[in-house]
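Student: The following file, entry29.cif, comprises mmCIF, C-alpha atoms:
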```cif
data_my_file
#
loop_
_atom_site.label_atom_id
_atom_site.label_comp_id
_atom_site.auth_asym_id
_atom_site.auth_seq_id
_atom_site.Cartn_x
_atom_site.Cartn_y
_atom_site.Cartn_z
CA MET A 240 0.00 0.00 0.00
CA THR A 241 1.39 3.38 -0.97
CA ARG A 242 -0.04 6.55 0.52
CA THR A 243 0.60 10.00 -0.84
CA ARG A 244 -0.42 13.23 0.87
CA MET A 245 -0.26 16.67 -0.68
CA ARG A 246 -0.51 19.72 1.55
CA GLY A 247 -1.49 23.24 0.63
CA THR A 248 1.26 25.45 -0.81
CA LYS A 249 1.37 28.43 -3.06
CA ALA A 250 3.02 28.46 -6.45
CA ARG A 251 3.18 30.63 -9.53
CA ILE A 252 3.51 29.07 -12.96
CA ALA A 253 3.58 30.25 -16.53
CA VAL A 254 0.69 28.85 -18.56
CA ALA A 255 0.49 29.57 -22.29
CA GLY A 256 2.12 32.97 -21.85
CA ALA A 257 0.14 33.98 -18.76
CA VAL A 258 1.12 33.71 -15.11
CA VAL A 259 -1.39 31.73 -13.10
CA ALA A 260 -1.46 32.08 -9.33
CA VAL A 261 -2.16 28.72 -7.79
CA ALA A 262 -3.65 28.44 -4.32
CA ALA A 263 -3.00 24.74 -3.76
CA THR A 264 -5.75 22.74 -2.17
CA ALA A 265 -5.26 20.16 0.53
CA TRP A 266 -6.14 16.75 -0.78
CA GLY A 267 -5.22 13.17 -0.24
CA VAL A 268 -4.64 10.15 -2.42
CA THR A 269 -4.64 6.55 -1.35
CA ALA A 270 -2.90 4.44 -3.95
CA VAL A 271 -2.70 0.69 -4.40
CA VAL A 272 -0.01 -0.37 -6.84
CA ASP A 273 -0.40 -3.59 -8.79
CA PRO A 274 3.03 -4.42 -10.25
CA GLY A 275 1.36 -6.81 -12.67
CA HIS A 276 -0.52 -4.07 -14.52
CA GLU A 277 0.86 -3.76 -18.01
CA THR A 278 0.92 0.03 -17.94
CA ASN A 279 1.94 0.31 -14.28
CA HIS A 280 -1.37 2.03 -13.62
CA GLN A 281 -1.63 3.23 -10.05
CA ASN A 282 -5.09 2.50 -8.72
CA VAL A 283 -6.39 5.50 -6.78
CA SER A 284 -9.58 4.74 -4.94
CA ARG A 285 -10.53 8.30 -4.10
CA GLN A 286 -9.46 11.86 -4.80
CA THR A 287 -10.95 14.81 -2.96
CA ASP A 288 -10.73 18.60 -2.94
CA ASP A 289 -11.11 20.69 0.17
CA PRO A 290 -13.97 23.13 -0.58
CA ALA A 291 -12.57 25.49 2.01
CA GLN A 292 -9.52 25.95 -0.19
CA GLY A 293 -11.62 26.90 -3.21
CA GLY A 294 -10.49 23.93 -5.27
CA GLY A 295 -13.56 24.13 -7.47
CA GLU A 296 -13.18 27.79 -8.43
CA PRO A 297 -11.37 29.25 -11.44
CA GLN A 298 -7.92 30.61 -10.65
CA ALA A 299 -7.24 33.07 -13.47
CA PRO A 300 -8.17 33.80 -17.07
CA GLY A 301 -6.74 31.09 -19.27
CA LYS A 302 -5.31 30.77 -22.73
CA PRO A 303 -6.11 29.07 -25.53
CA GLY A 304 -8.83 26.65 -24.43
CA GLY A 305 -10.55 28.92 -21.92
CA GLN A 306 -10.54 28.70 -18.14
CA VAL A 307 -12.49 25.99 -16.35
CA PRO A 308 -12.37 25.16 -12.62
CA ASP A 309 -9.23 23.33 -11.55
CA GLY A 310 -10.95 21.28 -8.85
CA ILE A 311 -10.97 17.55 -9.56
CA ALA A 312 -14.38 16.71 -11.02
CA HIS A 313 -16.48 13.74 -9.94
CA ALA A 314 -20.06 15.00 -10.23
CA SER A 315 -22.29 14.33 -13.23
CA GLU A 316 -23.70 17.08 -15.42
CA SER A 317 -26.96 15.12 -15.41
CA GLY A 318 -27.21 15.28 -11.62
CA GLY A 319 -29.44 13.03 -9.56
CA ASP A 320 -28.53 9.36 -9.78
CA ALA A 321 -26.63 9.72 -13.05
CA VAL A 322 -23.44 7.68 -13.46
CA ASN A 323 -20.39 8.75 -15.46
CA ILE A 324 -18.58 6.01 -17.41
CA THR A 325 -14.90 6.74 -18.08
CA ILE A 326 -12.54 4.59 -20.15
CA ASP A 327 -8.73 4.82 -19.77
CA ASP A 328 -5.48 4.03 -21.59
CA GLY A 329 -6.63 3.71 -25.20
CA PRO A 330 -7.40 3.98 -27.94
CA ASP A 331 -6.59 0.37 -28.72
CA PRO A 332 -7.41 -1.20 -32.11
CA GLN A 333 -8.64 -4.43 -30.51
CA TRP A 334 -10.52 -3.23 -27.45
CA THR A 335 -11.79 0.29 -28.17
CA PRO A 336 -14.18 -0.89 -30.92
CA LYS A 337 -15.57 -3.54 -28.58
CA VAL A 338 -16.11 -0.97 -25.82
CA LEU A 339 -17.82 1.31 -28.32
CA GLU A 340 -20.15 -1.52 -29.34
CA VAL A 341 -21.20 -2.11 -25.72
CA LEU A 342 -21.79 1.60 -25.13
CA LYS A 343 -23.88 1.82 -28.30
CA LYS A 344 -25.92 -1.22 -27.24
CA TYR A 345 -27.10 0.66 -24.14
CA ASP A 346 -27.08 4.14 -25.71
CA VAL A 347 -24.50 5.30 -23.18
CA LYS A 348 -21.98 8.09 -23.71
CA ALA A 349 -18.59 7.92 -22.02
CA VAL A 350 -15.35 9.86 -21.55
CA PHE A 351 -12.32 8.27 -23.19
CA CYS A 352 -9.08 9.19 -21.40
CA MET A 353 -6.50 8.68 -24.13
CA ILE A 354 -2.74 8.30 -24.22
CA GLY A 355 -1.37 10.85 -26.69
CA PRO A 356 0.80 8.56 -28.87
CA GLN A 357 -1.99 5.96 -28.96
CA ALA A 358 -4.34 8.60 -30.31
CA LYS A 359 -1.73 9.71 -32.84
CA ASP A 360 -1.26 6.10 -34.03
CA HIS A 361 -5.00 5.42 -34.29
CA PRO A 362 -6.76 8.58 -35.49
CA ASP A 363 -9.55 6.48 -37.01
CA LEU A 364 -10.47 5.25 -33.53
CA VAL A 365 -10.35 8.76 -32.05
CA LYS A 366 -12.70 9.97 -34.77
CA LYS A 367 -14.97 6.98 -34.17
CA VAL A 368 -15.15 7.84 -30.46
CA VAL A 369 -16.08 11.43 -31.29
CA ALA A 370 -18.61 10.34 -33.92
CA GLY A 371 -20.31 8.21 -31.26
CA GLY A 372 -20.99 11.30 -29.17
CA HIS A 373 -18.38 10.53 -26.54
CA ARG A 374 -15.96 13.02 -24.99
CA LEU A 375 -12.16 13.15 -24.97
CA CYS A 376 -9.79 13.29 -22.02
CA ASP A 377 -6.02 13.87 -21.91
CA HIS A 378 -4.21 11.00 -20.11
CA THR A 379 -0.67 12.27 -20.94
CA THR A 380 1.86 10.91 -23.40
CA ASP A 381 3.68 8.32 -21.27
CA HIS A 382 1.23 7.37 -18.48
CA ASN A 383 3.82 8.09 -15.81
CA THR A 384 2.15 7.48 -12.44
CA GLY A 385 5.00 9.36 -10.76
CA MET A 386 4.25 12.62 -12.58
CA ASP A 387 3.60 14.43 -9.32
CA LYS A 388 7.27 13.88 -8.43
CA LYS A 389 8.51 15.33 -11.72
CA PRO A 390 9.44 18.97 -12.52
CA PHE A 391 6.65 21.16 -13.80
CA ALA A 392 8.29 21.41 -17.24
CA TYR A 393 7.96 17.63 -17.58
CA GLN A 394 4.31 17.67 -16.52
CA GLN A 395 3.60 20.52 -18.92
CA GLN A 396 5.12 18.65 -21.86
CA GLN A 397 3.28 15.43 -20.99
CA ILE A 398 -0.09 17.16 -20.75
CA LEU A 399 0.09 19.64 -23.62
CA ASP A 400 1.76 17.27 -26.08
CA ALA A 401 -0.94 14.66 -25.44
CA LYS A 402 -3.68 17.26 -25.82
CA LYS A 403 -2.34 18.24 -29.23
CA GLN A 404 -1.91 14.64 -30.35
CA ILE A 405 -5.47 13.73 -29.34
CA GLU A 406 -7.04 16.84 -30.89
CA ASP A 407 -5.05 16.45 -34.10
CA ALA A 408 -6.24 12.84 -34.34
CA ALA A 409 -9.82 13.89 -33.58
CA GLY A 410 -9.90 16.29 -36.50
CA GLY A 411 -11.44 19.20 -34.64
CA ALA A 412 -13.03 17.90 -31.44
CA LYS A 413 -11.62 19.40 -28.25
CA VAL A 414 -10.24 17.58 -25.24
CA GLN A 415 -12.46 18.56 -22.31
CA TYR A 416 -10.80 16.75 -19.38
CA TYR A 417 -7.40 15.88 -17.96
CA ARG A 418 -6.89 12.75 -15.87
CA ALA A 419 -3.48 12.33 -14.25
CA PRO A 420 -2.09 8.78 -14.51
CA GLY A 421 -2.73 7.04 -11.22
CA GLY A 422 -4.35 10.22 -9.90
CA ALA A 423 -0.93 11.92 -9.69
CA PHE A 424 -2.32 15.44 -9.87
CA THR A 425 -0.43 18.46 -8.59
CA PRO A 426 -1.83 21.97 -8.03
CA GLU A 427 0.33 23.14 -10.93
CA SER A 428 -0.81 20.43 -13.35
CA ARG A 429 -4.43 21.05 -12.45
CA ALA A 430 -4.03 24.79 -13.08
CA LEU A 431 -2.28 24.08 -16.37
CA ALA A 432 -5.05 21.77 -17.51
CA ALA A 433 -7.79 24.21 -16.49
CA ALA A 434 -6.08 27.12 -18.23
CA ASN A 435 -6.07 25.03 -21.40
CA GLY A 436 -9.78 24.20 -21.17
CA MET A 437 -9.47 20.76 -19.56
CA ARG A 438 -11.24 19.94 -16.30
CA PRO A 439 -9.20 17.70 -14.00
CA LEU A 440 -11.11 14.41 -13.80
CA GLY A 441 -11.13 11.97 -10.91
CA TRP A 442 -13.13 8.84 -10.19
CA ASN A 443 -15.19 7.37 -7.36
CA VAL A 444 -15.51 3.72 -8.39
CA ASP A 445 -12.34 1.81 -9.20
CA THR A 446 -13.33 -1.42 -10.95
CA LYS A 447 -9.73 -2.70 -10.77
CA ASP A 448 -10.36 -4.18 -14.20
CA PHE A 449 -6.73 -3.50 -15.13
CA SER A 450 -5.67 -6.33 -12.82
CA LYS A 451 -8.09 -8.79 -14.49
CA PRO A 452 -9.73 -10.04 -11.26
CA GLY A 453 -12.59 -11.70 -13.16
CA VAL A 454 -15.80 -10.32 -14.64
CA ALA A 455 -17.84 -11.03 -11.52
CA ALA A 456 -15.34 -9.19 -9.30
CA ILE A 457 -15.36 -6.14 -11.58
CA VAL A 458 -19.16 -5.97 -11.58
CA ALA A 459 -19.27 -6.51 -7.81
CA ALA A 460 -16.82 -3.62 -7.30
CA VAL A 461 -19.15 -1.25 -9.14
CA LYS A 462 -22.17 -2.34 -7.12
CA ALA A 463 -20.24 -2.05 -3.86
CA GLU A 464 -18.62 1.33 -4.55
CA ILE A 465 -21.26 3.23 -6.52
CA GLY A 466 -22.35 4.85 -3.27
CA ASN A 467 -18.99 6.65 -3.19
CA GLY A 468 -19.94 8.81 -6.15
CA PRO A 469 -20.95 8.73 -9.80
CA THR A 470 -17.72 8.39 -11.79
CA VAL A 471 -16.69 4.84 -12.72
CA LEU A 472 -13.29 3.81 -14.08
CA PHE A 473 -12.82 1.16 -16.80
CA HIS A 474 -10.01 0.52 -19.30
CA ASP A 475 -9.81 -0.11 -23.04
CA GLY A 476 -6.00 -0.15 -23.23
CA GLY A 477 -2.91 -1.44 -21.48
CA GLY A 478 -3.43 -5.14 -22.08
CA ASP A 479 -6.09 -7.81 -22.59
CA ARG A 480 -9.44 -6.16 -21.84
CA THR A 481 -11.72 -9.16 -22.40
CA GLN A 482 -12.93 -8.95 -18.81
CA SER A 483 -13.39 -5.18 -18.99
CA VAL A 484 -15.64 -5.42 -22.04
CA ALA A 485 -17.76 -8.22 -20.56
CA ALA A 486 -18.04 -6.47 -17.20
CA LEU A 487 -18.97 -3.15 -18.79
CA ASP A 488 -21.84 -4.90 -20.58
CA GLN A 489 -23.12 -6.35 -17.31
CA VAL A 490 -22.70 -3.08 -15.41
CA LEU A 491 -24.63 -1.09 -18.00
CA ALA A 492 -27.39 -3.70 -17.99
CA TRP A 493 -27.54 -3.45 -14.18
CA LEU A 494 -27.67 0.36 -14.26
CA LYS A 495 -30.54 0.15 -16.73
CA GLU A 496 -32.39 -2.27 -14.44
CA GLN A 497 -31.84 0.14 -11.55
CA GLY A 498 -33.26 2.99 -13.59
CA ARG A 499 -30.03 4.95 -13.27
CA PRO A 500 -29.20 7.26 -16.17
CA THR A 501 -25.69 8.02 -17.38
CA GLY A 502 -24.07 11.33 -18.13
CA PHE A 503 -20.80 13.21 -18.46
CA PRO A 504 -18.63 14.53 -15.61
CA VAL A 505 -19.02 18.25 -14.99
CA VAL A 506 -16.71 20.58 -16.88
CA THR A 507 -17.69 23.91 -15.37
CA GLY A 508 -19.78 22.83 -12.39
CA PRO A 509 -18.78 21.96 -8.81
CA SER A 510 -16.54 18.95 -8.31
CA ALA A 511 -18.47 17.02 -5.68
#
```
I'd like the structure from this file rewritten - as structure tokens, please.

Tutor:
Amino acid sequence: MTRTRMRGTKARIAVAGAVVAVAATAWGVTAVVDPGHETNHQNVSRQTDDPAQGGGEPQAPGKPGGQVPDGIAHASESGGDAVNITIDDGPDPQWTPKVLEVLKKYDVKAVFCMIGPQAKDHPDLVKKVVAGGHRLCDHTTDHNTGMDKKPFAYQQQQILDAKKQIEDAAGGAKVQYYRAPGGAFTPESRALAAANGMRPLGWNVDTKDFSKPGVAAIVAAVKAEIGNGPTVLFHDGGGDRTQSVAALDQVLAWLKEQGRPTGFPVVTGPSA
């Protein structure tokens, strides 16, 4: 078990030619590392912002994408009992089409958190995701779960290069979210993402599908953790996703039986 705590500090960073004053929020991450995961994905069960620190408020006018709040989003734009489905580590030529088929079967829209070079190598898949009415999320270029330990210049390159690669592959659609690999956000990376029009995106339900625990275990995790909040984490990249695809099908069927709608995570709204 690895535990990481980040305490409030103040920093000033240059973002797209503007200086952004960052009032860092106090937040905590509990991480469980599975060394067997093909992409070394750090599983973060929960990320929170301290409302007293103003984590959900804009920091400063942004460049080119427009300022959005830099607080880590979990809430659904649809409100109520709506659930957000998010898909990480693709696009993958084998698994992304299968995930898209399942989503289409249940008429569900999702957020695809893409690795920049993967998007660059598979622009047809990125365009197919966009054509299906889904949204795009920046998941960096190298999926380094230790990004929060790296210099800001490294984080900036990882985030902005991936954003460009994904948007170039998409042929015009914008990236609306940024999800740090393994939840390794920093106040600076969150401000950078927000100033470039990307809402930092967390999750509440970790299916642990990356570790291939079995379809039943993945579905059970969703049912057990959905009370934590609306945003659910699945994967379409980083290895064999047979279990992920099958579990997603069962989870969406269960949500339909429960009468629970699906939606997108907030971009401009409060994070909780």

Student: Run the PyMOL selection byres ((chain A and resi 476) around 8) mentally over the shown coordinates, then write out the matched residues as a list in words, using the chain letters and numbers from the document.

Tutor: Asp327, Asp328, Gly329, Pro330, Asp331, Trp334, Thr335, His474, Asp475, Gly477, Gly478, Asp479 and Arg480 of chain A

Student: Quick one: residues within 8 Å of Pro504 (chain A), all atoms listed in the file, excluding same-chain residues fewer than 4 positions away - as a list in words?

Tutor: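 Once the adjacent positions are removed, what remains is Ala312, His313, Ala314, Ser315, Glu316, Asn323, Leu440 and Thr470 of chain A.
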
Student: Any chance you could export the current selection's C-alpha atoms as an mmCIF file, in the frame of the given file?

Tutor:
```cif
data_model
loop_
_atom_site.group_PDB
_atom_site.id
_atom_site.type_symbol
_atom_site.label_atom_id
_atom_site.label_comp_id
_atom_site.auth_asym_id
_atom_site.auth_seq_id
_atom_site.Cartn_x
_atom_site.Cartn_y
_atom_site.Cartn_z
ATOM 1 C CA ALA A 312 -14.380 16.710 -11.020
ATOM 2 C CA HIS A 313 -16.480 13.740 -9.940
ATOM 3 C CA ALA A 314 -20.060 15.000 -10.230
ATOM 4 C CA SER A 315 -22.290 14.330 -13.230
ATOM 5 C CA GLU A 316 -23.700 17.080 -15.420
ATOM 6 C CA ASN A 323 -20.390 8.750 -15.460
ATOM 7 C CA LEU A 440 -11.110 14.410 -13.800
ATOM 8 C CA THR A 470 -17.720 8.390 -11.790
#
```

Student: Once the PyMOL selection byres ((chain A and resi 499) around 9) has been applied to the shown file, what residues remain in the selection, as a list in words?

Tutor: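 Those residues are Gly319, Asp320, Ala321, Val322, Trp493, Leu494, Lys495, Glu496, Gln497, Gly498, Pro500 and Thr501 of chain A.
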
Student: How many Å separate CA of Val414 (chain A) from CA of Leu375 (chain A)?

Tutor: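 One can read the CA of Val414 (chain A) to CA of Leu375 (chain A) distance as 4.8 Å.
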
Student: Counting all atoms listed in the file, which residues of region 352-427 of chain A fall within 7 Å of region 432-439 of chain A, and what is the closest atom pair for each with its distance in Å at one decimal, ordered by chain and rising number, as JSON lines?

Tutor:
```
{"residue": "A:Val414", "atom": "CA", "partner": "A:Met437", "partner_atom": "CA", "distance": 6.6}
{"residue": "A:Gln415", "atom": "CA", "partner": "A:Met437", "partner_atom": "CA", "distance": 4.6}
{"residue": "A:Tyr416", "atom": "CA", "partner": "A:Met437", "partner_atom": "CA", "distance": 4.2}
{"residue": "A:Tyr417", "atom": "CA", "partner": "A:Pro439", "partner_atom": "CA", "distance": 4.7}
{"residue": "A:Arg418", "atom": "CA", "partner": "A:Pro439", "partner_atom": "CA", "distance": 5.8}
```

Student: Could you take the residues named above and write them with C-alpha atoms, as a short mmCIF file (atom, residue, chain, number, x, y, z; two decimals), keeping the file's coordinate frame?

Tutor:
```cif
data_model
loop_
_atom_site.label_atom_id
_atom_site.label_comp_id
_atom_site.auth_asym_id
_atom_site.auth_seq_id
_atom_site.Cartn_x
_atom_site.Cartn_y
_atom_site.Cartn_z
CA VAL A 414 -10.24 17.58 -25.24
CA GLN A 415 -12.46 18.56 -22.31
CA TYR A 416 -10.80 16.75 -19.38
CA TYR A 417 -7.40 15.88 -17.96
CA ARG A 418 -6.89 12.75 -15.87
#
```

Student: Residues picked by the PyMOL selection byres ((chain A and resi 341) around 12) here, as a ChimeraX atom specification?

Tutor: /A:324,334-340,342-349,371,475,483-492

Student: Nearest to Gly502 (chain A): which of A:Val471, A:Cys376, A:Ile398, A:Ala370 is it, counting all atoms listed in the file?

Tutor: A:Val471

Student: What's the separation between CA of Leu399 (chain A) and CA of Leu364 (chain A), in Å to one decimal place?

Tutor: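 A separation of 20.4 Å between them.
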
Student: In Å, rounded to a single decimal, give me how far CA of Ile457 (chain A) is from CA of His361 (chain A).

Tutor: 27.5 Å

Student: Using all atoms listed in the file, which of A:Gly318, A:Gly372, A:Ala463, A:Asp363 sits nearest Gly410 (chain A)?

Tutor: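 The answer is A:Asp363, which sits nearest to Gly410 (chain A).
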